[in-house]
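A.B. asks: Quick one: structure below, then a few questions.
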Amino acid sequence: MNVKESSKIDRMSLTLLAIESSCDETSAAVVQDGTKVLSNVVASQIDIHKEYGGVVPEIASRMHVEVIMPVVDKAIKEANIEKENIDAVAVTHGPGLIGALMVGLSTAKAMAFGLNIPLIGVNHLEAHMSAVHLENNVEFPFVGLVVSGGHTSLYLVKSYTDFELLGKTRDDAAGEAFDKAAKIMDLPYPGGVEIDKLAKEGNRDAIPFPRPFMSTPTLDFSFSGVKTSVLYYLRKHPNPSLQELKDICASYQEAIVETLVSKTLMAAKENHVESVVIAGGVACNSRLRELSKEKLEQEGISVYIPSPKYCTDNAAMIGSLGGFMFQNGTTSELSLTPFSTSRPKYGRGRGGQAKTA
């Protein structure tokens, strides 16, 4: 196949189709120049997985297969363009659920092959930070905190496509800790949303839950211990009243959020940056948004948090980073494979097969 040469495409006027299927959202978007969203369609599976109390990978994969082409077609239609107007296809190839990733990646490969246009494999975590460029102009370098159900990581972002990993969770991610604790408390799925809701009417200082790694200089996180402390607390105090439950939620949420904000502030100071970006699904948490602005702006550090629609998994963020990667001359082979976990463990790197034009 003679793929349309990327050097012959105007990289400063790029119309890109983006596909995201790393977990339980099927999404497609059309993005221009990495910043302008023409469409962003998301098909959520929350109601399907709710009865199981969490995402079931096999069900997620099957649902992606059912809806991916209707979602892609709708994104193209809403963008008011023809398929022939698409210059490249960007797709999440990791980290995420392998089965779910394969659905999106296979679809993107087929479209790239059929339309004779370049394919761009995008790292899901880096794309979360790129979502900020859809709404804001942020000067480099900045510190990025990606906080979601499966990942909690700190990065030094040096340019649109240059990300240096500073620290990550050594066990549970923050979102995972929220959802697991919610399950312990018999709260509905998604648990993090329910904890945030109940915490609004609770006392944040009612229970002194631990703040892991706060007394050490590391930029890594650990949330398994604070999650377990909720289990132990409920064993000692079974059948809490509604107000007691609200206090547990408020205290637990404060422990996690305070840890996230403190580590992010530490990273910002160590790297002498003036801006911080917080992204990922947990960035929708109201207390995280409130406390981060309060603590960081006190230190003269600007805080940027994308709108909730760009914090949860979506294809617009994939289109943003994919667009900047393409402008930088980076595309992927059709042999691109998905990967399930964040890699490499430490240091810079995107993973997957890429080439520079």
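All residue names refer to the structure tokens as shown: chains lettered A, B, ... in order, residues numbered from 1 in each chain, ligands numbered from 1 in order.
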How close does region 110-175 of chain A get to region 312-318 of chain A? List, as a Markdown table, each residue of region 110-175 of chain A within 12 Å, its nearest atom pair and the distance in Å to one decimal, counting only C-alpha atoms.

C.D. replies:
| residue | atom | partner | partner_atom | distance |
| --- | --- | --- | --- | --- |
| A:Ile120 | CA | A:Ile318 | CA | 9.7 |
| A:Gly121 | CA | A:Ile318 | CA | 9.1 |
| A:Val122 | CA | A:Ile318 | CA | 6.5 |
| A:Asn123 | CA | A:Ile318 | CA | 8.2 |
| A:His124 | CA | A:Ile318 | CA | 7.2 |
| A:Leu125 | CA | A:Ile318 | CA | 9.7 |
| A:Glu126 | CA | A:Ile318 | CA | 8.9 |
| A:Ala127 | CA | A:Met317 | CA | 5.3 |
| A:His128 | CA | A:Met317 | CA | 6.1 |
| A:Met129 | CA | A:Met317 | CA | 8.0 |
| A:Ser130 | CA | A:Met317 | CA | 6.0 |
| A:Ala131 | CA | A:Met317 | CA | 4.5 |
| A:Val132 | CA | A:Met317 | CA | 8.3 |
| A:His133 | CA | A:Met317 | CA | 8.7 |
| A:Leu134 | CA | A:Met317 | CA | 7.7 |
| A:Glu135 | CA | A:Met317 | CA | 10.9 |
| A:Val146 | CA | A:Thr312 | CA | 11.1 |
| A:Val147 | CA | A:Thr312 | CA | 10.2 |
| A:Ser148 | CA | A:Thr312 | CA | 8.2 |
| A:Gly149 | CA | A:Thr312 | CA | 9.9 |
| A:Gly150 | CA | A:Asp313 | CA | 11.7 |
| A:Gly175 | CA | A:Thr312 | CA | 11.6 |

A.B. asks: Region 292-307 of chain A: which residues within 9 Å, counting only C-alpha atoms, same-chain residues fewer than 3 positions away excluded, as a ChimeraX atom specification?

C.D. replies: /A:129,131-136,138,257-258,260-262,264-265,268,273-280,283-284,287-289,310-311

A.B. asks: So which bits of region 30-221 of chain A end up alpha helix (DSSP H) when you DSSP the backbone, as number ranges by chain?

C.D. replies: A: 46-50, 57-78, 98-115, 124-130, 174-184, 191-199

A.B. asks: Give me the residues within 7 Å of region 169-171 of chain A as number ranges by chain, counting only C-alpha atoms and dropping any in the same chain fewer than 2 places off.

C.D. replies: A: 152-153, 173, 220-224

A.B. asks: Compile the contact shell of region 207-215 of chain A as a PyMOL selection string: residues with an atom at most 7 Å away, counting only C-alpha atoms, same-chain residues fewer than 6 positions apart removed.

C.D. replies: chain A and resi 221-223+226+229+248+251-252+255+259

A.B. asks: Can you pull out every residue from region 152-298 of chain A that DSSP, working from the backbone, puts in strand (DSSP E or B), and format the result as a list of chain:residue names?

C.D. replies: A:Thr152, A:Ser153, A:Leu154, A:Tyr155, A:Leu156, A:Val157, A:Lys158, A:Ser159, A:Asp162, A:Phe163, A:Glu164, A:Leu165, A:Leu166, A:Gly167, A:Lys168, A:Thr169, A:Phe221, A:Ser275, A:Val276, A:Val277, A:Ile278, A:Ala279

A.B. asks: Could you check which of A:Met111, A:Ala29, A:Ala88, A:Ile256 is closest to Asp196 (chain A), using only C-alpha atoms?

C.D. replies: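 Under the stated criterion, the closest residue is A:Ile256.
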
A.B. asks: For Ser241 (chain A), find every residue with an atom within 12 Å (counting only C-alpha atoms), except residues of its own chain fewer than 5 positions away, and show them as a ChimeraX atom specification.

C.D. replies: /A:185,202,234,246-248

A.B. asks: Given the selection you just returned, output its residues as a file containing N, CA and C atoms, formatted as a PDB file, in the first residue's frame.

C.D. replies:
ATOM      1  N   MET A 185     -18.221  -0.072  51.153  1.00  0.00           N
ATOM      2  CA  MET A 185     -19.312   0.640  51.829  1.00  0.00           C
ATOM      3  C   MET A 185     -20.673   0.367  51.204  1.00  0.00           C
ATOM      4  N   GLY A 202     -20.262  15.670  54.541  1.00  0.00           N
ATOM      5  CA  GLY A 202     -19.541  15.010  55.617  1.00  0.00           C
ATOM      6  C   GLY A 202     -18.446  15.870  56.214  1.00  0.00           C
ATOM      7  N   LEU A 234     -14.579   0.045  59.216  1.00  0.00           N
ATOM      8  CA  LEU A 234     -15.955  -0.447  59.180  1.00  0.00           C
ATOM      9  C   LEU A 234     -16.127  -1.740  59.979  1.00  0.00           C
ATOM     10  N   LYS A 246     -21.355   9.565  55.483  1.00  0.00           N
ATOM     11  CA  LYS A 246     -20.913  10.801  54.826  1.00  0.00           C
ATOM     12  C   LYS A 246     -19.570  11.261  55.391  1.00  0.00           C
ATOM     13  N   ASP A 247     -19.393  11.109  56.719  1.00  0.00           N
ATOM     14  CA  ASP A 247     -18.119  11.483  57.345  1.00  0.00           C
ATOM     15  C   ASP A 247     -16.986  10.573  56.872  1.00  0.00           C
ATOM     16  N   ILE A 248     -17.277   9.283  56.744  1.00  0.00           N
ATOM     17  CA  ILE A 248     -16.265   8.333  56.244  1.00  0.00           C
ATOM     18  C   ILE A 248     -15.850   8.730  54.830  1.00  0.00           C
TER      19      ILE A 248
END

A.B. asks: Would you list the contacts of Ile46 (chain A) as a ChimeraX atom specification, taking every protein, DNA or RNA residue within 9 Å and counting only C-alpha atoms, but skipping same-chain residues closer than 5 positions in sequence?

C.D. replies: /A:24-25,54-55,189-190
